[in-house]
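Peer 1: I am attaching a structure below and will ask some questions about it afterwards.
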Amino acid sequence: MLEGEERLGRAALVGDLARIELECECCGTRLDAFRSPGRCACGGLFRVVFPRPESVDLRVFDRRLGTWEPLDRSGVWRYREFLPPLSAHFVITRPEGNTNLYRHPRLSSWTGCQELVVKHEGENPTGSFKDRGMTVAISHARAVGARAVACASTGNTAASVAAYAALAELGSVVFLPAGKIAAGKLGQALAYGARIVQIDGDFDAAMRLVEAASDELGLYLLNSVNPFRLEGQKTIVFELLHQLAWEPPDWIVLPGGNLGNTAAFGAALDQLQRWGVLARLPRLAVIQAEGAAPFYAAYRTGFRDFHPVQAETVATAIRIGNPVSYERAKRAIELTDGVVAVVSDTEILEAKAVVDRCGIGCEPASAAAVAGVRKLVAEGTIGADDRVVAILTGHVLKDPETILRYHTAEPVRSLANRPVTVPASLDALRGVLGDGA
Ligand SMILES: *Cc1c(COP(=O)(O)O)cnc(C)c1O
Ligand SMILES: [Zn+2]
């Protein structure tokens, strides 16, 4: 990656940890960035503070689309002027992002939203948006000399940590709720060589354990407590706006679990407004699963009360009862005049069947966003002609069991595609297919 650093010259990304600080979002304490950012002594979480470049010419991002330089080809590092200035020498990239926007008549008609576009974050290297945060956090881990990294995960963070740690030749330990991980995600974490510790408990229990263990064992913590993850995830918004020629949509709709992405989107929009890139902000709509909706419940009280819940939903990536980034996400909703909604598992599975049937495909948690669009249009919150971007957070192959269960369930689900078995004869085939397929 050294050539990259030379080609970039001194102005861009000849980073220097001394120019980055960690600021507690709760008590304002400032620390240097030469450490694994866990929690502040007051229990609060840190944000990353770094100097604003003198000027940013948006055309530089267009020019970078036409090169083979790894940092330019990454949909994260392409936007490096908007990110903390980590030295290119430490950057580990696959590269991430470059995720496409799709429209489909079936999606528009099912949701009732004519101008619906989906941005497919499942097209990232390990199949979820987690890679965008991971490239930044792993690069920071290398910059501070970490030898091993750790996370608790519902699956996708584990897959991403395992891959990026392997690329960086760092050890990795992932804490997973036993028996609660979709097959694709567990398979990835195993294949990429993470040490896997299965916890007899839910994600929230695994999260508490990893925070305690990382302090004790000196592991660099890669959960979204770590604000460098959120810095990377901000680039979903940067890349999306770049794709839309910096003309914001009316709404950005995304699923909410641990609420790291919601927090990152709010921080990205806040930054673009303060830096004079955007004059108007899109509204955020965060969609939770009915059985894992503590953020929705708090939103309904005007954010006066927050209570963790025991989470249960088919959408494992958002099966989280005590979201780490609650306070950050609340600020994102307030900043953007956003809304929070809930959808049932039945609605999630139907939305997933629609997205899949469009030839796009996504995992169940991602489909919550699309189910949310339909619900918010039906209740009149989102206008039928509003410009809406829904974020598909993960790849269709992450959770194959859920697909098989949906399409073969009794009683037959609304969009089920039932396989048929026939004797190997043309007559039998005619009996099944009739005149056509
Ligand atoms: C992590 C994840 C989510 C939830 O994002 P949060 O930042 O935890 O709210 C949703 N969908 C997928 C596919 C994920 O991997
Ligand atoms: Zn503090």
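Identifiers in the structure tokens: chain A, B, ... in order shown; residue index from 1 per chain; ligand index from 1 in order shown.
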Could you pull out the strand (DSSP E) residues of region 45-264 of chain A, going by DSSP on the backbone, and write them as a PDB file with C-alpha atoms, in the first residue's frame?
Peer 2:
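Writing the result to selection_27.pdb gives the following:
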ATOM      1  CA  PHE A  46     -16.469   8.154  22.002  1.00  0.00           C
ATOM      2  CA  ARG A  47     -16.751   9.980  18.717  1.00  0.00           C
ATOM      3  CA  VAL A  48     -13.776  10.542  16.422  1.00  0.00           C
ATOM      4  CA  VAL A  49     -12.713  14.181  16.051  1.00  0.00           C
ATOM      5  CA  LEU A 101     -28.687   1.268  -6.925  1.00  0.00           C
ATOM      6  CA  TYR A 102     -31.620  -0.730  -8.303  1.00  0.00           C
ATOM      7  CA  GLU A 115     -39.559   6.443  -6.850  1.00  0.00           C
ATOM      8  CA  LEU A 116     -38.124   3.672  -4.696  1.00  0.00           C
ATOM      9  CA  VAL A 117     -34.465   2.826  -5.235  1.00  0.00           C
ATOM     10  CA  VAL A 118     -32.565   0.220  -3.223  1.00  0.00           C
ATOM     11  CA  LYS A 119     -28.836   0.465  -2.507  1.00  0.00           C
ATOM     12  CA  HIS A 120     -27.388  -3.018  -2.167  1.00  0.00           C
ATOM     13  CA  ALA A 148      -5.577  -9.383  18.112  1.00  0.00           C
ATOM     14  CA  VAL A 149      -9.127  -8.132  17.695  1.00  0.00           C
ATOM     15  CA  ALA A 150     -12.507  -9.188  19.090  1.00  0.00           C
ATOM     16  CA  CYS A 151     -16.229  -8.651  18.629  1.00  0.00           C
ATOM     17  CA  ALA A 152     -19.642  -9.913  19.682  1.00  0.00           C
ATOM     18  CA  GLY A 171      -5.659 -12.841  15.417  1.00  0.00           C
ATOM     19  CA  SER A 172      -9.434 -12.594  15.913  1.00  0.00           C
ATOM     20  CA  VAL A 173     -11.934 -13.849  18.478  1.00  0.00           C
ATOM     21  CA  VAL A 174     -15.673 -13.614  17.877  1.00  0.00           C
ATOM     22  CA  PHE A 175     -18.374 -14.132  20.500  1.00  0.00           C
ATOM     23  CA  LEU A 176     -21.612 -15.519  19.050  1.00  0.00           C
ATOM     24  CA  PRO A 177     -24.952 -16.418  20.647  1.00  0.00           C
ATOM     25  CA  ARG A 195     -11.579 -18.190  16.966  1.00  0.00           C
ATOM     26  CA  ILE A 196     -15.252 -18.710  17.613  1.00  0.00           C
ATOM     27  CA  VAL A 197     -16.602 -18.628  21.146  1.00  0.00           C
ATOM     28  CA  GLN A 198     -20.277 -19.581  21.347  1.00  0.00           C
ATOM     29  CA  ILE A 199     -22.103 -18.008  24.262  1.00  0.00           C
ATOM     30  CA  TYR A 220      -8.801  -4.462  20.205  1.00  0.00           C
ATOM     31  CA  LEU A 221     -12.619  -4.200  20.320  1.00  0.00           C
ATOM     32  CA  TRP A 251     -36.005   9.649   2.587  1.00  0.00           C
ATOM     33  CA  ILE A 252     -33.339   7.119   3.478  1.00  0.00           C
ATOM     34  CA  VAL A 253     -34.884   3.976   4.982  1.00  0.00           C
ATOM     35  CA  LEU A 254     -32.803   1.401   6.873  1.00  0.00           C
ATOM     36  CA  PRO A 255     -33.228  -1.451   9.350  1.00  0.00           C
TER      37      PRO A 255
END
Peer 1: Neighbours of ligand 1 within 7 Å, counting only C-alpha atoms and all ligand atoms, as a PDB file with N, CA, C and O atoms, in the first residue's frame?
Peer 2:
ATOM      1  N   SER A 128     -22.020  -7.771   3.518  1.00  0.00           N
ATOM      2  CA  SER A 128     -22.836  -6.828   4.290  1.00  0.00           C
ATOM      3  C   SER A 128     -22.085  -5.511   4.433  1.00  0.00           C
ATOM      4  O   SER A 128     -20.882  -5.426   4.171  1.00  0.00           O
ATOM      5  N   PHE A 129     -22.835  -4.472   4.870  1.00  0.00           N
ATOM      6  CA  PHE A 129     -22.223  -3.149   5.027  1.00  0.00           C
ATOM      7  C   PHE A 129     -21.146  -3.124   6.110  1.00  0.00           C
ATOM      8  O   PHE A 129     -20.397  -2.157   6.226  1.00  0.00           O
ATOM      9  N   LYS A 130     -21.066  -4.173   6.940  1.00  0.00           N
ATOM     10  CA  LYS A 130     -20.111  -4.184   8.040  1.00  0.00           C
ATOM     11  C   LYS A 130     -18.672  -3.968   7.538  1.00  0.00           C
ATOM     12  O   LYS A 130     -17.830  -3.448   8.263  1.00  0.00           O
ATOM     13  N   ASN A 156     -22.914 -11.017  10.925  1.00  0.00           N
ATOM     14  CA  ASN A 156     -22.215 -10.302   9.858  1.00  0.00           C
ATOM     15  C   ASN A 156     -20.960  -9.591  10.336  1.00  0.00           C
ATOM     16  O   ASN A 156     -19.965  -9.520   9.600  1.00  0.00           O
ATOM     17  N   THR A 157     -20.984  -9.063  11.538  1.00  0.00           N
ATOM     18  CA  THR A 157     -19.767  -8.438  12.064  1.00  0.00           C
ATOM     19  C   THR A 157     -18.683  -9.503  12.207  1.00  0.00           C
ATOM     20  O   THR A 157     -17.509  -9.257  11.892  1.00  0.00           O
ATOM     21  N   PRO A 255     -32.863  -0.663   8.172  1.00  0.00           N
ATOM     22  CA  PRO A 255     -33.228  -1.451   9.350  1.00  0.00           C
ATOM     23  C   PRO A 255     -32.397  -1.012  10.557  1.00  0.00           C
ATOM     24  O   PRO A 255     -31.258  -0.574  10.398  1.00  0.00           O
ATOM     25  N   GLY A 256     -32.962  -1.139  11.747  1.00  0.00           N
ATOM     26  CA  GLY A 256     -32.240  -0.763  12.969  1.00  0.00           C
ATOM     27  C   GLY A 256     -32.152  -1.932  13.933  1.00  0.00           C
ATOM     28  O   GLY A 256     -33.163  -2.552  14.283  1.00  0.00           O
ATOM     29  N   GLY A 257     -30.934  -2.269  14.366  1.00  0.00           N
ATOM     30  CA  GLY A 257     -30.711  -3.319  15.359  1.00  0.00           C
ATOM     31  C   GLY A 257     -29.919  -2.734  16.512  1.00  0.00           C
ATOM     32  O   GLY A 257     -30.456  -2.212  17.477  1.00  0.00           O
ATOM     33  N   ASN A 258     -28.589  -2.790  16.371  1.00  0.00           N
ATOM     34  CA  ASN A 258     -27.722  -2.173  17.378  1.00  0.00           C
ATOM     35  C   ASN A 258     -27.640  -0.664  17.170  1.00  0.00           C
ATOM     36  O   ASN A 258     -27.047   0.046  17.953  1.00  0.00           O
ATOM     37  N   LEU A 259     -28.172  -0.183  16.053  1.00  0.00           N
ATOM     38  CA  LEU A 259     -28.332   1.240  15.719  1.00  0.00           C
ATOM     39  C   LEU A 259     -27.022   1.941  15.361  1.00  0.00           C
ATOM     40  O   LEU A 259     -26.969   3.173  15.309  1.00  0.00           O
ATOM     41  N   GLY A 260     -25.978   1.170  15.075  1.00  0.00           N
ATOM     42  CA  GLY A 260     -24.718   1.764  14.629  1.00  0.00           C
ATOM     43  C   GLY A 260     -24.884   2.459  13.283  1.00  0.00           C
ATOM     44  O   GLY A 260     -24.381   3.566  13.075  1.00  0.00           O
ATOM     45  N   ASN A 261     -25.599   1.816  12.379  1.00  0.00           N
ATOM     46  CA  ASN A 261     -25.777   2.411  11.057  1.00  0.00           C
ATOM     47  C   ASN A 261     -26.619   3.677  11.133  1.00  0.00           C
ATOM     48  O   ASN A 261     -26.311   4.672  10.486  1.00  0.00           O
ATOM     49  N   THR A 262     -27.673   3.645  11.915  1.00  0.00           N
ATOM     50  CA  THR A 262     -28.502   4.844  12.096  1.00  0.00           C
ATOM     51  C   THR A 262     -27.624   5.989  12.603  1.00  0.00           C
ATOM     52  O   THR A 262     -27.694   7.118  12.102  1.00  0.00           O
ATOM     53  N   ALA A 317     -30.043 -10.414  12.127  1.00  0.00           N
ATOM     54  CA  ALA A 317     -29.099  -9.284  12.183  1.00  0.00           C
ATOM     55  C   ALA A 317     -29.632  -8.118  13.007  1.00  0.00           C
ATOM     56  O   ALA A 317     -28.866  -7.239  13.403  1.00  0.00           O
ATOM     57  N   ILE A 318     -30.944  -8.107  13.256  1.00  0.00           N
ATOM     58  CA  ILE A 318     -31.517  -7.032  14.079  1.00  0.00           C
ATOM     59  C   ILE A 318     -32.198  -7.611  15.321  1.00  0.00           C
ATOM     60  O   ILE A 318     -33.048  -6.975  15.927  1.00  0.00           O
ATOM     61  N   GLU A 363     -30.915 -10.424   2.627  1.00  0.00           N
ATOM     62  CA  GLU A 363     -31.206 -11.232   3.813  1.00  0.00           C
ATOM     63  C   GLU A 363     -32.407 -10.641   4.554  1.00  0.00           C
ATOM     64  O   GLU A 363     -32.825  -9.506   4.265  1.00  0.00           O
ATOM     65  N   ALA A 365     -33.112  -9.201   7.483  1.00  0.00           N
ATOM     66  CA  ALA A 365     -33.050  -7.883   8.141  1.00  0.00           C
ATOM     67  C   ALA A 365     -33.141  -6.752   7.123  1.00  0.00           C
ATOM     68  O   ALA A 365     -33.761  -5.713   7.377  1.00  0.00           O
ATOM     69  N   SER A 366     -32.519  -6.948   5.965  1.00  0.00           N
ATOM     70  CA  SER A 366     -32.551  -5.915   4.925  1.00  0.00           C
ATOM     71  C   SER A 366     -33.973  -5.680   4.445  1.00  0.00           C
ATOM     72  O   SER A 366     -34.366  -4.544   4.155  1.00  0.00           O
ATOM     73  N   THR A 393     -29.092  -4.236   3.494  1.00  0.00           N
ATOM     74  CA  THR A 393     -27.882  -4.302   4.306  1.00  0.00           C
ATOM     75  C   THR A 393     -27.049  -5.567   4.096  1.00  0.00           C
ATOM     76  O   THR A 393     -25.852  -5.566   4.361  1.00  0.00           O
ATOM     77  N   GLY A 394     -27.697  -6.663   3.633  1.00  0.00           N
ATOM     78  CA  GLY A 394     -26.960  -7.928   3.530  1.00  0.00           C
ATOM     79  C   GLY A 394     -27.393  -8.785   2.341  1.00  0.00           C
ATOM     80  O   GLY A 394     -28.479  -8.625   1.783  1.00  0.00           O
TER      81      GLY A 394
END
Peer 1: Which residues are near ligand 2 - at most 9 Å, using only C-alpha atoms and all ligand atoms? Format: as a VMD selection string.
Peer 2: chain A and resid 23 to 30 39 to 46
Peer 1: Hey, what's within 9 Å of Asp250 (chain A) if we count only C-alpha atoms and toss same-chain stuff fewer than 3 positions away? As a PyMOL selection string, please?
Peer 2: chain A and resi 281-284+382+386-389
Peer 1: Can you list, as a PyMOL selection string, every residue of region 162-362 of chain A that DSSP puts in helix (DSSP H, G or I)?
Peer 2: chain A and resi 162-168+183-192+203-217+227-233+235-243+260-274+290-292+294-300+316-318+326-336+345-357
Peer 1: Please provide the set of residues having any atom within 12 Å of Asp16 (chain A), restricted to only C-alpha atoms, with same-chain residues fewer than 6 positions apart removed, written as a list of chain:residue names.
Peer 2: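 Skipping anything fewer than 6 positions along the chain leaves A:Arg10, A:Asp32, A:Ala33, A:Phe34, A:Phe50, A:Pro51, A:Pro84, A:Pro85, A:Leu86, A:Ser87, A:Ala88, A:His89, A:Phe90, A:His140, A:Ala143, A:Val144.
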Peer 1: Keeping only N, CA and C atoms, write the selected residues to a file as a PDB file, in the first residue's frame.
Peer 2:
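Now in out36.pdb:
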ATOM      1  N   ARG A  10       1.313  14.333  -0.128  1.00  0.00           N
ATOM      2  CA  ARG A  10       1.243  14.618   1.295  1.00  0.00           C
ATOM      3  C   ARG A  10      -0.124  15.142   1.726  1.00  0.00           C
ATOM      4  N   ASP A  32      -6.315  10.944  23.331  1.00  0.00           N
ATOM      5  CA  ASP A  32      -5.640  10.742  22.049  1.00  0.00           C
ATOM      6  C   ASP A  32      -6.157   9.442  21.413  1.00  0.00           C
ATOM      7  N   ALA A  33      -5.795   9.220  20.151  1.00  0.00           N
ATOM      8  CA  ALA A  33      -6.333   8.072  19.414  1.00  0.00           C
ATOM      9  C   ALA A  33      -5.355   6.916  19.339  1.00  0.00           C
ATOM     10  N   PHE A  34      -4.341   6.905  20.215  1.00  0.00           N
ATOM     11  CA  PHE A  34      -3.335   5.838  20.210  1.00  0.00           C
ATOM     12  C   PHE A  34      -3.789   4.670  21.082  1.00  0.00           C
ATOM     13  N   PHE A  50     -11.554  15.047  14.091  1.00  0.00           N
ATOM     14  CA  PHE A  50     -10.374  15.259  13.242  1.00  0.00           C
ATOM     15  C   PHE A  50     -10.551  16.570  12.488  1.00  0.00           C
ATOM     16  N   PRO A  51      -9.444  17.175  12.052  1.00  0.00           N
ATOM     17  CA  PRO A  51      -9.555  18.487  11.419  1.00  0.00           C
ATOM     18  C   PRO A  51     -10.205  18.408  10.043  1.00  0.00           C
ATOM     19  N   PRO A  84     -11.409  10.215   9.125  1.00  0.00           N
ATOM     20  CA  PRO A  84     -10.225  10.511   9.926  1.00  0.00           C
ATOM     21  C   PRO A  84      -8.961  10.190   9.127  1.00  0.00           C
ATOM     22  N   PRO A  85      -7.936  11.039   9.213  1.00  0.00           N
ATOM     23  CA  PRO A  85      -6.738  10.878   8.373  1.00  0.00           C
ATOM     24  C   PRO A  85      -5.800   9.788   8.882  1.00  0.00           C
ATOM     25  N   LEU A  86      -6.162   8.519   8.601  1.00  0.00           N
ATOM     26  CA  LEU A  86      -5.278   7.396   8.934  1.00  0.00           C
ATOM     27  C   LEU A  86      -4.256   7.231   7.817  1.00  0.00           C
ATOM     28  N   SER A  87      -3.058   6.872   8.177  1.00  0.00           N
ATOM     29  CA  SER A  87      -2.014   6.719   7.164  1.00  0.00           C
ATOM     30  C   SER A  87      -2.346   5.575   6.207  1.00  0.00           C
ATOM     31  N   ALA A  88      -2.168   5.817   4.907  1.00  0.00           N
ATOM     32  CA  ALA A  88      -2.407   4.789   3.887  1.00  0.00           C
ATOM     33  C   ALA A  88      -1.546   3.552   4.146  1.00  0.00           C
ATOM     34  N   HIS A  89      -0.439   3.737   4.820  1.00  0.00           N
ATOM     35  CA  HIS A  89       0.463   2.633   5.135  1.00  0.00           C
ATOM     36  C   HIS A  89      -0.246   1.536   5.937  1.00  0.00           C
ATOM     37  N   PHE A  90      -1.235   1.917   6.742  1.00  0.00           N
ATOM     38  CA  PHE A  90      -1.907   0.944   7.613  1.00  0.00           C
ATOM     39  C   PHE A  90      -3.219   0.418   7.034  1.00  0.00           C
ATOM     40  N   HIS A 140      -7.177   1.295  11.800  1.00  0.00           N
ATOM     41  CA  HIS A 140      -6.807   1.970  13.046  1.00  0.00           C
ATOM     42  C   HIS A 140      -6.130   0.983  14.000  1.00  0.00           C
ATOM     43  N   ALA A 143      -2.693   0.704  13.057  1.00  0.00           N
ATOM     44  CA  ALA A 143      -1.949   1.929  13.365  1.00  0.00           C
ATOM     45  C   ALA A 143      -1.546   1.997  14.836  1.00  0.00           C
ATOM     46  N   VAL A 144      -2.376   1.419  15.732  1.00  0.00           N
ATOM     47  CA  VAL A 144      -2.031   1.460  17.160  1.00  0.00           C
ATOM     48  C   VAL A 144      -1.304   0.186  17.595  1.00  0.00           C
TER      49      VAL A 144
END
Peer 1: Dump as CSV the rows for residues of region 227-338 of chain A within 12 Å of region 398-419 of chain A: closest atom pair and distance in Å with one decimal, only C-alpha atoms counted, ordered by chain and rising residue number.
Peer 2:
residue,atom,partner,partner_atom,distance
A:Thr313,CA,A:Thr402,CA,11.8
A:Val314,CA,A:Thr402,CA,8.0
A:Ala315,CA,A:Thr402,CA,9.2
A:Thr316,CA,A:Asp399,CA,9.1
A:Ala317,CA,A:Asp399,CA,10.2
Peer 1: Could those residues be written to a file, using N, CA and C atoms, as a compact mmCIF listing (two decimals), in the first residue's frame?
Peer 2:
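This went into result_13.txt:
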# COMPACT_ATOMS: atom_id res chain seq x y z
N THR A 313 -36.85 -12.28 16.65
CA THR A 313 -37.33 -12.05 15.29
C THR A 313 -36.59 -12.99 14.33
N VAL A 314 -37.22 -13.25 13.18
CA VAL A 314 -36.60 -14.08 12.15
C VAL A 314 -35.38 -13.37 11.55
N ALA A 315 -35.36 -12.04 11.68
CA ALA A 315 -34.27 -11.24 11.08
C ALA A 315 -33.12 -11.17 12.08
N THR A 316 -32.23 -12.18 12.04
CA THR A 316 -31.21 -12.34 13.10
C THR A 316 -30.29 -11.13 13.22
N ALA A 317 -30.04 -10.41 12.13
CA ALA A 317 -29.10 -9.28 12.18
C ALA A 317 -29.63 -8.12 13.01
Peer 1: Taking into account only C-alpha atoms, which residue in the set A:Pro227, A:Gly38, A:Pro364, A:Pro308 is nearest to Arg328 (chain A)?
Peer 2: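 Going through A:Pro227, A:Gly38, A:Pro364, A:Pro308 one by one, the smallest distance to Arg328 (chain A) is for A:Pro227.
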Peer 1: Considering only C-alpha atoms, state which residue in the set A:Thr346, A:Gln288, A:Ser36, A:Thr154 is at the smallest distance from Glu211 (chain A).
Peer 2: A:Ser36
Peer 1: Could you check the closest approach to Arg147 (chain A) for each of A:Val422, A:Ala369, A:Leu217, A:Ala183 and tell me which residue wins, using only C-alpha atoms?
Peer 2: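 Closest candidate: A:Leu217.
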Peer 1: Residues at most 9 Å from Ala263 (chain A), counting only C-alpha atoms, excluding those fewer than 5 positions away in the same chain, as a ChimeraX atom specification?
Peer 2: /A:230,234,268,325-333
Peer 1: Which of these, A:Gly338, A:Pro37, A:Gly218, A:Gly266, has the shortest distance to Val237 (chain A) once you count only C-alpha atoms?
Peer 2: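 Counting only C-alpha atoms, the residue closest to Val237 (chain A) is A:Gly266.
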Peer 1: Enter the distance from CA of Gly122 (chain A) to CA of Asn223 (chain A), in Å, rounded to one decimal.
Peer 2: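 CA of Gly122 (chain A) sits 19.2 Å away from CA of Asn223 (chain A).
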Peer 1: For a quick check of understanding, using only C-alpha atoms, which of A:Arg35, A:Arg319, A:Arg142, A:Arg274 has the smallest distance to Asp204 (chain A)?
Peer 2: A:Arg319
Peer 1: Suppose you want the space between CA of Gly184 (chain A) and CA of Ala353 (chain A); what is it in Å?
Peer 2: 18.2 Å
